[in-house]
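Everything below belongs to coords37.pdb, which stores PDB, C-alpha atoms.
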MODEL        1
ATOM      1  CA  MET A   1     -54.220 111.459   4.396
ATOM      2  CA  ALA A   2     -55.538 113.577   7.241
ATOM      3  CA  THR A   3     -58.668 112.454   9.048
ATOM      4  CA  THR A   4     -60.997 114.041  11.548
ATOM      5  CA  ALA A   5     -62.082 112.136  14.648
ATOM      6  CA  ARG A   6     -65.796 111.778  15.318
ATOM      7  CA  GLY A   7     -67.833 110.366  18.182
ATOM      8  CA  GLY A   8     -68.165 106.602  18.417
ATOM      9  CA  GLY A   9     -64.658 105.877  17.168
ATOM     10  CA  GLU A  10     -65.322 106.984  13.576
ATOM     11  CA  ARG A  11     -62.629 108.940  11.773
ATOM     12  CA  GLU A  12     -63.857 110.693   8.665
ATOM     13  CA  PRO A  13     -61.650 112.165   5.942
ATOM     14  CA  ALA A  14     -60.905 115.804   6.668
ATOM     15  CA  ALA A  15     -62.738 118.246   4.434
ATOM     16  CA  GLY A  16     -59.593 119.855   3.078
ATOM     17  CA  SER A  17     -57.596 116.682   2.492
ATOM     18  CA  GLY A  18     -57.201 114.704  -0.675
ATOM     19  CA  GLY A  19     -55.372 117.242  -2.794
ATOM     20  CA  GLY A  20     -52.001 115.471  -2.725
ATOM     21  CA  GLY A  21     -53.040 111.982  -1.683
ATOM     22  CA  GLY A  22     -53.960 110.785  -5.160
ATOM     23  CA  ALA A  23     -55.145 107.173  -5.350
ATOM     24  CA  ALA A  24     -54.471 106.593  -1.653
ATOM     25  CA  ALA A  25     -56.795 109.473  -0.724
ATOM     26  CA  GLU A  26     -59.554 108.100  -2.945
ATOM     27  CA  MET A  27     -59.163 104.651  -1.405
ATOM     28  CA  GLU A  28     -59.440 106.057   2.109
ATOM     29  CA  VAL A  29     -62.586 108.011   1.220
ATOM     30  CA  GLU A  30     -64.135 104.892  -0.345
ATOM     31  CA  ALA A  31     -63.209 102.825   2.695
ATOM     32  CA  TYR A  32     -64.841 105.382   4.986
ATOM     33  CA  ARG A  33     -67.924 105.363   2.755
ATOM     34  CA  ARG A  34     -68.250 101.591   3.096
ATOM     35  CA  LEU A  35     -67.443 101.368   6.807
ATOM     36  CA  PHE A  36     -69.559 104.324   7.957
ATOM     37  CA  PRO A  37     -72.262 104.802   5.279
ATOM     38  CA  VAL A  38     -74.653 106.781   7.496
ATOM     39  CA  ALA A  39     -72.004 109.239   8.692
ATOM     40  CA  TYR A  40     -70.706 109.671   5.147
ATOM     41  CA  PHE A  41     -74.248 110.206   3.879
ATOM     42  CA  GLU A  42     -75.157 112.718   6.577
ATOM     43  CA  ARG A  43     -71.965 114.690   6.005
ATOM     44  CA  HIS A  44     -73.149 115.283   2.424
ATOM     45  CA  LEU A  45     -76.643 116.195   3.602
ATOM     46  CA  ARG A  46     -75.232 118.893   5.871
ATOM     47  CA  GLU A  47     -73.928 120.515   2.701
ATOM     48  CA  SER A  48     -77.278 119.941   0.883
ATOM     49  CA  VAL A  49     -75.725 117.641  -1.677
ATOM     50  CA  ARG A  50     -76.265 113.978  -2.539
ATOM     51  CA  LEU A  51     -73.781 111.120  -2.809
ATOM     52  CA  ASP A  52     -73.989 111.429  -6.607
ATOM     53  CA  ALA A  53     -73.561 115.252  -6.403
ATOM     54  CA  ARG A  54     -77.216 116.039  -7.123
ATOM     55  CA  PRO A  55     -79.076 118.725  -5.173
ATOM     56  CA  LEU A  56     -81.626 117.240  -2.769
ATOM     57  CA  ALA A  57     -84.648 118.174  -4.928
ATOM     58  CA  SER A  58     -83.217 117.065  -8.275
ATOM     59  CA  PRO A  59     -84.213 113.782  -9.960
ATOM     60  CA  ARG A  60     -81.771 111.778 -12.027
ATOM     61  CA  ASP A  61     -81.471 112.077 -15.808
ATOM     62  CA  THR A  62     -84.514 110.346 -17.316
ATOM     63  CA  SER A  63     -85.041 108.875 -20.779
ATOM     64  CA  VAL A  64     -87.916 107.074 -22.507
ATOM     65  CA  ALA A  65     -87.652 105.075 -25.740
ATOM     66  CA  LEU A  66     -90.738 103.564 -27.387
ATOM     67  CA  GLY A  67     -91.199 100.451 -29.496
ATOM     68  CA  LEU A  68     -87.983  98.571 -28.762
ATOM     69  CA  VAL A  69     -89.610  95.125 -28.439
ATOM     70  CA  GLY A  70     -90.735  94.142 -31.925
ATOM     71  CA  SER A  71     -92.776  91.124 -30.830
ATOM     72  CA  ALA A  72     -94.899  93.169 -28.395
ATOM     73  CA  ASP A  73     -98.005  95.214 -29.187
ATOM     74  CA  GLY A  74     -96.569  98.061 -27.132
ATOM     75  CA  SER A  75     -93.213  98.496 -25.430
ATOM     76  CA  ALA A  76     -90.919 101.019 -23.802
ATOM     77  CA  LEU A  77     -87.457 101.307 -22.266
ATOM     78  CA  VAL A  78     -87.182 103.735 -19.348
ATOM     79  CA  LYS A  79     -84.082 104.848 -17.463
ATOM     80  CA  PHE A  80     -83.884 106.852 -14.240
ATOM     81  CA  GLY A  81     -80.130 107.250 -13.941
ATOM     82  CA  ASP A  82     -78.967 103.625 -13.750
ATOM     83  CA  THR A  83     -82.410 102.233 -12.877
ATOM     84  CA  THR A  84     -83.630 100.562 -16.071
ATOM     85  CA  MET A  85     -87.056  99.128 -16.926
ATOM     86  CA  VAL A  86     -88.444  97.419 -20.009
ATOM     87  CA  ALA A  87     -92.224  97.178 -20.321
ATOM     88  CA  ALA A  88     -94.026  95.121 -22.954
ATOM     89  CA  ILE A  89     -97.738  94.653 -23.672
ATOM     90  CA  LYS A  90     -99.331  91.677 -25.382
ATOM     91  CA  LEU A  91    -102.993  91.858 -26.407
ATOM     92  CA  GLU A  92    -105.422  88.960 -26.617
ATOM     93  CA  VAL A  93    -109.172  88.556 -27.006
ATOM     94  CA  MET A  94    -110.731  86.840 -24.001
ATOM     95  CA  THR A  95    -114.147  85.837 -22.704
ATOM     96  CA  PRO A  96    -114.942  88.294 -19.895
ATOM     97  CA  PRO A  97    -116.107  86.985 -16.502
ATOM     98  CA  ALA A  98    -119.811  87.132 -15.705
ATOM     99  CA  GLU A  99    -119.396  89.810 -13.023
ATOM    100  CA  SER A 100    -117.802  92.216 -15.520
ATOM    101  CA  SER A 101    -119.248  91.066 -18.820
ATOM    102  CA  ASP A 102    -118.955  94.499 -20.428
ATOM    103  CA  GLU A 103    -115.293  95.144 -19.522
ATOM    104  CA  GLY A 104    -111.841  94.158 -20.662
ATOM    105  CA  SER A 105    -108.907  93.520 -18.368
ATOM    106  CA  VAL A 106    -105.306  94.481 -17.643
ATOM    107  CA  ALA A 107    -102.937  91.955 -16.039
ATOM    108  CA  VAL A 108     -99.740  93.398 -14.549
ATOM    109  CA  ASP A 109     -96.582  91.491 -13.640
ATOM    110  CA  PHE A 110     -93.302  92.976 -12.406
ATOM    111  CA  TYR A 111     -90.124  90.919 -12.621
ATOM    112  CA  MET A 112     -86.719  91.340 -11.000
ATOM    113  CA  PRO A 113     -84.284  88.831 -12.539
ATOM    114  CA  PRO A 114     -80.964  88.172 -10.764
ATOM    115  CA  ILE A 115     -79.111  90.413 -13.225
ATOM    116  CA  CYS A 116     -80.853  93.518 -11.865
ATOM    117  CA  SER A 117     -79.244  93.566  -8.415
ATOM    118  CA  PRO A 118     -76.694  91.700  -6.282
ATOM    119  CA  THR A 119     -79.420  91.311  -3.647
ATOM    120  CA  VAL A 120     -81.592  89.169  -5.945
ATOM    121  CA  ARG A 121     -80.543  85.517  -5.758
ATOM    122  CA  PRO A 122     -80.974  83.057  -8.655
ATOM    123  CA  GLY A 123     -83.988  80.822  -8.165
ATOM    124  CA  ARG A 124     -85.613  83.193  -5.671
ATOM    125  CA  SER A 125     -88.012  85.977  -6.511
ATOM    126  CA  ALA A 126     -87.247  89.376  -5.003
ATOM    127  CA  GLU A 127     -89.530  90.139  -2.057
ATOM    128  CA  VAL A 128     -90.359  93.588  -3.391
ATOM    129  CA  ALA A 129     -91.461  92.342  -6.856
ATOM    130  CA  PRO A 130     -95.032  91.217  -5.937
ATOM    131  CA  VAL A 131     -95.471  94.373  -3.859
ATOM    132  CA  ILE A 132     -94.628  96.581  -6.845
ATOM    133  CA  SER A 133     -96.865  94.445  -9.104
ATOM    134  CA  LYS A 134     -99.804  95.052  -6.789
ATOM    135  CA  GLN A 135     -99.043  98.782  -6.475
ATOM    136  CA  LEU A 136     -98.852  99.156 -10.258
ATOM    137  CA  SER A 137    -102.112  97.316 -10.811
ATOM    138  CA  ASP A 138    -103.881  99.364  -8.126
ATOM    139  CA  VAL A 139    -102.626 102.693  -9.517
ATOM    140  CA  ILE A 140    -103.468 101.857 -13.144
ATOM    141  CA  MET A 141    -106.996 100.845 -12.158
ATOM    142  CA  SER A 142    -107.735 103.545  -9.559
ATOM    143  CA  SER A 143    -106.387 106.399 -11.688
ATOM    144  CA  GLY A 144    -108.851 105.655 -14.482
ATOM    145  CA  MET A 145    -106.054 105.722 -17.045
ATOM    146  CA  ILE A 146    -107.823 102.985 -19.002
ATOM    147  CA  ASN A 147    -111.598 102.696 -19.188
ATOM    148  CA  LEU A 148    -112.107  98.936 -19.073
ATOM    149  CA  LYS A 149    -115.526  99.282 -20.714
ATOM    150  CA  ASP A 150    -113.788 100.599 -23.841
ATOM    151  CA  LEU A 151    -112.040  97.220 -24.082
ATOM    152  CA  CYS A 152    -115.340  95.350 -24.441
ATOM    153  CA  LEU A 153    -116.081  93.950 -27.914
ATOM    154  CA  ILE A 154    -119.163  91.732 -27.503
ATOM    155  CA  ASN A 155    -121.020  91.924 -24.216
ATOM    156  CA  GLY A 156    -120.364  88.727 -22.268
ATOM    157  CA  LYS A 157    -118.534  87.113 -25.181
ATOM    158  CA  ALA A 158    -115.345  88.943 -26.125
ATOM    159  CA  SER A 159    -113.106  91.716 -24.834
ATOM    160  CA  TRP A 160    -109.477  92.734 -24.864
ATOM    161  CA  ILE A 161    -107.039  91.660 -22.160
ATOM    162  CA  ALA A 162    -103.712  93.496 -22.017
ATOM    163  CA  TYR A 163    -100.844  91.548 -20.461
ATOM    164  CA  LEU A 164     -98.369  94.108 -19.132
ATOM    165  CA  ASP A 165     -94.983  92.644 -18.211
ATOM    166  CA  ILE A 166     -92.316  94.906 -16.729
ATOM    167  CA  TYR A 167     -88.729  93.717 -16.334
ATOM    168  CA  CYS A 168     -86.261  95.506 -14.089
ATOM    169  CA  LEU A 169     -82.849  95.282 -15.758
ATOM    170  CA  ASN A 170     -81.014  97.423 -13.208
ATOM    171  CA  ALA A 171     -82.403  98.142  -9.738
ATOM    172  CA  ASP A 172     -80.781 101.365  -8.573
ATOM    173  CA  GLY A 173     -83.612 102.904  -6.574
ATOM    174  CA  SER A 174     -87.082 104.411  -7.183
ATOM    175  CA  LEU A 175     -88.229 101.179  -8.808
ATOM    176  CA  PHE A 176     -91.951 101.906  -8.613
ATOM    177  CA  ASP A 177     -91.556 105.337 -10.223
ATOM    178  CA  ALA A 178     -89.584 103.967 -13.165
ATOM    179  CA  ALA A 179     -91.901 100.961 -13.542
ATOM    180  CA  LEU A 180     -94.988 103.203 -13.650
ATOM    181  CA  VAL A 181     -93.450 105.436 -16.330
ATOM    182  CA  SER A 182     -92.547 102.349 -18.378
ATOM    183  CA  ALA A 183     -96.145 101.084 -18.089
ATOM    184  CA  VAL A 184     -97.587 104.433 -19.187
ATOM    185  CA  ALA A 185     -95.068 104.651 -22.042
ATOM    186  CA  ALA A 186     -95.818 101.097 -23.238
ATOM    187  CA  PHE A 187     -99.570 101.806 -23.319
ATOM    188  CA  THR A 188     -98.875 105.096 -25.089
ATOM    189  CA  HIS A 189     -96.878 103.265 -27.758
ATOM    190  CA  CYS A 190     -99.537 100.558 -28.030
ATOM    191  CA  ILE A 191    -102.304 103.092 -28.596
ATOM    192  CA  ASP A 192    -100.423 105.665 -30.679
ATOM    193  CA  ASP A 193     -99.195 102.864 -32.934
ATOM    194  CA  GLY A 194    -102.803 101.850 -33.628
ATOM    195  CA  ARG A 195    -102.537  98.396 -32.074
ATOM    196  CA  VAL A 196    -105.598  98.683 -29.815
ATOM    197  CA  VAL A 197    -108.950  99.348 -31.450
ATOM    198  CA  THR A 198    -112.390  98.769 -30.069
ATOM    199  CA  VAL A 199    -113.359  96.441 -32.931
ATOM    200  CA  PRO A 200    -110.579  94.051 -34.060
ATOM    201  CA  GLY A 201    -110.523  92.948 -37.665
ATOM    202  CA  GLU A 202    -111.083  89.276 -36.885
ATOM    203  CA  LEU A 203    -114.455  90.042 -35.239
ATOM    204  CA  GLU A 204    -115.742  92.771 -37.532
ATOM    205  CA  GLY A 205    -118.402  91.340 -39.852
ATOM    206  CA  LYS A 206    -117.936  87.795 -38.525
ATOM    207  CA  THR A 207    -120.434  87.705 -35.673
ATOM    208  CA  LYS A 208    -124.185  87.965 -35.424
ATOM    209  CA  LEU A 209    -123.951  89.266 -31.868
ATOM    210  CA  PRO A 210    -124.150  93.030 -31.364
ATOM    211  CA  LEU A 211    -120.828  94.788 -31.025
ATOM    212  CA  VAL A 212    -120.661  97.048 -27.972
ATOM    213  CA  ASN A 213    -118.342  99.613 -29.599
ATOM    214  CA  LYS A 214    -119.340  99.654 -33.256
ATOM    215  CA  ASP A 215    -116.996 102.413 -34.411
ATOM    216  CA  LYS A 216    -113.464 101.238 -35.091
ATOM    217  CA  ARG A 217    -111.276 103.730 -33.263
ATOM    218  CA  LYS A 218    -108.149 103.948 -31.181
ATOM    219  CA  LEU A 219    -108.477 103.915 -27.424
ATOM    220  CA  MET A 220    -107.506 106.899 -25.305
ATOM    221  CA  LEU A 221    -105.493 107.177 -22.099
ATOM    222  CA  ASN A 222    -107.201 109.279 -19.445
ATOM    223  CA  ASN A 223    -105.822 110.749 -16.225
ATOM    224  CA  VAL A 224    -102.348 109.339 -16.796
ATOM    225  CA  PRO A 225    -100.592 108.743 -13.446
ATOM    226  CA  PHE A 226     -97.001 109.619 -12.596
ATOM    227  CA  SER A 227     -95.267 109.146  -9.275
ATOM    228  CA  LEU A 228     -92.375 110.490  -7.252
ATOM    229  CA  THR A 229     -90.572 108.771  -4.401
ATOM    230  CA  CYS A 230     -89.068 111.070  -1.780
ATOM    231  CA  GLY A 231     -86.552 109.779   0.737
ATOM    232  CA  LEU A 232     -86.946 111.194   4.235
ATOM    233  CA  HIS A 233     -83.924 111.462   6.510
ATOM    234  CA  LYS A 234     -84.157 113.687   9.583
ATOM    235  CA  GLU A 235     -85.225 117.096   8.261
ATOM    236  CA  HIS A 236     -84.148 116.380   4.673
ATOM    237  CA  ILE A 237     -86.253 115.350   1.634
ATOM    238  CA  LEU A 238     -84.401 113.568  -1.161
ATOM    239  CA  VAL A 239     -86.105 113.319  -4.562
ATOM    240  CA  ASP A 240     -85.697 110.107  -6.586
ATOM    241  CA  PRO A 241     -83.308 108.256  -4.217
ATOM    242  CA  THR A 242     -80.783 105.735  -5.494
ATOM    243  CA  ALA A 243     -80.488 102.208  -4.108
ATOM    244  CA  GLU A 244     -77.574 103.315  -1.899
ATOM    245  CA  GLU A 245     -79.611 106.171  -0.487
ATOM    246  CA  GLU A 246     -82.633 103.914   0.053
ATOM    247  CA  SER A 247     -80.478 101.578   2.140
ATOM    248  CA  ILE A 248     -79.567 104.477   4.463
ATOM    249  CA  ILE A 249     -82.557 106.823   4.687
ATOM    250  CA  GLU A 250     -85.001 106.508   7.564
ATOM    251  CA  THR A 251     -88.078 106.066   5.378
ATOM    252  CA  PHE A 252     -89.648 107.218   2.114
ATOM    253  CA  VAL A 253     -92.965 108.438   0.691
ATOM    254  CA  THR A 254     -94.286 107.745  -2.807
ATOM    255  CA  VAL A 255     -96.863 110.206  -4.181
ATOM    256  CA  VAL A 256     -98.914 109.360  -7.295
ATOM    257  CA  LEU A 257    -100.682 112.160  -9.188
ATOM    258  CA  ASP A 258    -102.911 112.051 -12.263
ATOM    259  CA  THR A 259    -102.932 114.381 -15.271
ATOM    260  CA  LEU A 260    -105.040 116.954 -13.426
ATOM    261  CA  GLY A 261    -102.655 117.044 -10.469
ATOM    262  CA  ARG A 262    -105.020 115.121  -8.218
ATOM    263  CA  VAL A 263    -103.564 112.720  -5.659
ATOM    264  CA  VAL A 264    -104.182 109.110  -6.713
ATOM    265  CA  SER A 265    -102.332 107.524  -3.806
ATOM    266  CA  VAL A 266     -99.717 108.154  -1.141
ATOM    267  CA  TYR A 267     -97.621 105.195  -0.012
ATOM    268  CA  LYS A 268     -95.343 105.049   3.004
ATOM    269  CA  PRO A 269     -93.922 101.795   4.367
ATOM    270  CA  GLY A 270     -94.379 100.980   8.023
ATOM    271  CA  GLY A 271     -91.894 102.091  10.640
ATOM    272  CA  SER A 272     -91.361 104.423  13.547
ATOM    273  CA  VAL A 273     -90.589 107.487  11.415
ATOM    274  CA  LEU A 274     -93.622 109.710  10.833
ATOM    275  CA  ALA A 275     -94.385 111.779   7.742
ATOM    276  CA  TYR A 276     -95.890 114.991   9.063
ATOM    277  CA  THR A 277     -98.431 117.049   7.127
ATOM    278  CA  SER A 278     -95.870 119.702   6.207
ATOM    279  CA  ILE A 279     -93.564 117.022   4.779
ATOM    280  CA  LEU A 280     -96.385 115.413   2.785
ATOM    281  CA  LYS A 281     -97.343 118.799   1.325
ATOM    282  CA  GLU A 282     -93.753 119.380   0.234
ATOM    283  CA  CYS A 283     -93.604 115.890  -1.312
ATOM    284  CA  ILE A 284     -96.826 116.571  -3.243
ATOM    285  CA  THR A 285     -95.418 119.876  -4.523
ATOM    286  CA  LEU A 286     -92.262 118.103  -5.682
ATOM    287  CA  ALA A 287     -94.362 115.339  -7.270
ATOM    288  CA  LYS A 288     -96.343 117.882  -9.316
ATOM    289  CA  ARG A 289     -93.109 119.322 -10.682
ATOM    290  CA  ARG A 290     -91.764 115.867 -11.481
ATOM    291  CA  ALA A 291     -95.012 114.768 -13.164
ATOM    292  CA  GLN A 292     -94.787 117.702 -15.564
ATOM    293  CA  GLN A 293     -91.184 116.786 -16.374
ATOM    294  CA  LEU A 294     -92.169 113.185 -17.075
ATOM    295  CA  ARG A 295     -95.081 114.245 -19.301
ATOM    296  CA  ASN A 296     -92.702 116.400 -21.350
ATOM    297  CA  ILE A 297     -90.190 113.547 -21.676
ATOM    298  CA  LEU A 298     -92.936 111.132 -22.772
ATOM    299  CA  ASN A 299     -94.318 113.616 -25.303
ATOM    300  CA  GLU A 300     -90.824 114.074 -26.745
ATOM    301  CA  SER A 301     -90.438 110.302 -27.126
ATOM    302  CA  VAL A 302     -93.810 110.105 -28.944
ATOM    303  CA  SER A 303     -92.742 112.913 -31.282
ATOM    304  CA  ALA A 304     -89.445 111.141 -31.958
ATOM    305  CA  MET A 305     -91.331 107.929 -32.801
ATOM    306  CA  GLU A 306     -93.605 109.768 -35.227
ATOM    307  CA  VAL A 307     -90.592 111.342 -36.945
ATOM    308  CA  ASP A 308     -88.977 107.912 -37.312
ATOM    309  CA  LYS A 309     -92.186 106.463 -38.807
ATOM    310  CA  SER A 310     -92.508 109.295 -41.344
ATOM    311  CA  SER A 311     -88.864 109.186 -42.449
TER     312      SER A 311
ENDMDL
END
As structure tokens, how would this structure be written, given the file I've shared?
Amino acid sequence: MATTARGGGEREPAAGSGGGGGAAAEMEVEAYRRLFPVAYFERHLRESVRLDARPLASPRDTSVALGLVGSADGSALVKFGDTTMVAAIKLEVMTPPAESSDEGSVAVDFYMPPICSPTVRPGRSAEVAPVISKQLSDVIMSSGMINLKDLCLINGKASWIAYLDIYCLNADGSLFDAALVSAVAAFTHCIDDGRVVTVPGELEGKTKLPLVNKDKRKLMLNNVPFSLTCGLHKEHILVDPTAEEESIIETFVTVVLDTLGRVVSVYKPGGSVLAYTSILKECITLAKRRAQQLRNILNESVSAMEVDKSS
């Protein structure tokens, strides 16, 4: 197979080769990809195409399925390409702390078992897992998606606590984005299925204390957040990067928007690469487009669930 010499001793497969090489040509391309990942990656970028053949601004195929965990009060399975998340919610009645006696609570945990990635070792938690847990908790609270006061049952005595557990089954990039969608979808299933009401049956009529929310009704999700991670490499912006791309790109930016298109948060890890204002504006524009796509996908999954329940 013909190759083309490059600076630094690298020899990349020639653009026109591979037609008659068959398996040998494929092996040489794969070897080059493993030995010189950055050069291989940048060669694709020069042609405005990704390693998986996507355009730079295109996210991966996304799917949402609701109610797959029968023992949970709300659950969802979300896939961004090969990245796979399962979120499950368990509800309990708790005694609220004194400093927030009229509020409920949401506890978020994100797990990365060894099966999700070769980089996660058995017996050791992935370093990124607690970081994503904290990001998810911060976004859910700061976005106002759930009004904690609506979770109060008896002031100072009883309120709902929602335990949200998210398991990463396959870590192939954009983990926070997929985890956030799974959290939103699990709460959507929990609420649309009628599991969360302001007055639970076991308390109604069984207490002499005044109920804070006397009308039995389903809770509502407000200002639902969605996020988009954009990989930044030189002058290029890559939407929804895979794990391979994340290992190569110079840095990334994650933009979180609410239902009204307002910026909830912008996250960029530390490093020498700067995200200039023009780049951030482009990332926000891309995030708005992606948020609308995700809302449509979630609405379709809710409609599919309602059809299944009625049939």
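Closest approach to A:Ser75 from the set A:Ala183, A:Ala39, A:Val224, A:Val256 is made by A:Ala183, with distances taken over all atoms listed in the file.
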Answer key for the PyMOL selection byres ((chain A and resi 44-56) around 9), residues as a PyMOL selection string: chain A and resi 39-43+57-60+236-239+242+244-245
Separation of atom CA of A:Trp160 from atom CA of A:Val93, in Å and rounded to one decimal: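 Atom CA of A:Val93 lies 4.7 Å from atom CA of A:Trp160.
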Result set, the PyMOL selection byres ((chain A and resi 76) around 10) on current file, as a ChimeraX atom specification: /A:64-69,72,74-75,77-78,85-89,166,181-190,301
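Picture a line from atom CA of A:Asp73 to atom CA of A:Ala162; it runs 9.3 Å.
Relative to atom CA of A:Met94, atom CA of A:Ile161 is found at 6.3 Å.
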Using all atoms listed in the file: which of A:Asp192, A:Glu92, A:Glu282, A:Glu246 has the shortest distance to A:Met305: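 For A:Met305, the nearest of the given residues is A:Asp192.
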Non-local contacts of A:Ala126 (12 Å; only C-alpha atoms; under 2 positions in same chain excluded) as a list in words: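 So the residues in contact are Phe110, Tyr111, Met112, Pro113, Pro114, Ile115, Cys116, Ser117, Pro118, Thr119, Val120, Arg121, Pro122, Gly123, Arg124, Val128, Ala129, Pro130, Val131, Ile132, Ser133, Cys168 and Ala171 of chain A.
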Per-residue nearest contacts of stretch 257-286 of chain A to stretch 134-158 of chain A (12 Å; all atoms listed in the file) as CSV:
residue,atom,partner,partner_atom,distance
A:Leu257,CA,A:Ser143,CA,8.5
A:Asp258,CA,A:Ser143,CA,6.7
A:Thr259,CA,A:Met145,CA,9.4
A:Leu260,CA,A:Ser143,CA,10.8
A:Gly261,CA,A:Ser143,CA,11.3
A:Arg262,CA,A:Ser143,CA,9.5
A:Val263,CA,A:Ser143,CA,9.2
A:Val264,CA,A:Ser143,CA,6.1
A:Ser265,CA,A:Val139,CA,7.5
A:Val266,CA,A:Val139,CA,10.4
A:Tyr267,CA,A:Gln135,CA,9.2
A:Lys268,CA,A:Gln135,CA,12.0
Result set of the PyMOL selection byres ((chain A and resi 280) around 12) on the coordinates above, as a PyMOL selection string: chain A and resi 228-232+237+252-255+263+265-268+274-279+281-287
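Minimum distance to A:Ala179 across A:Ser105, A:Asn222, A:Thr95, A:Thr84 (counting only C-alpha atoms) occurs at A:Thr84.
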Proximity to A:Asp177 - best of A:Pro96, A:Gly22, A:Pro225, A:Pro37, all atoms listed in the file: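 Using all atoms listed in the file, the shortest distance to A:Asp177 belongs to A:Pro225.
Minimum atom-to-atom distances from A:Val108, A:Glu28, A:Ser71, A:Phe80 to A:Ile297 were compared using all atoms listed in the file, and the lowest value belongs to A:Phe80.
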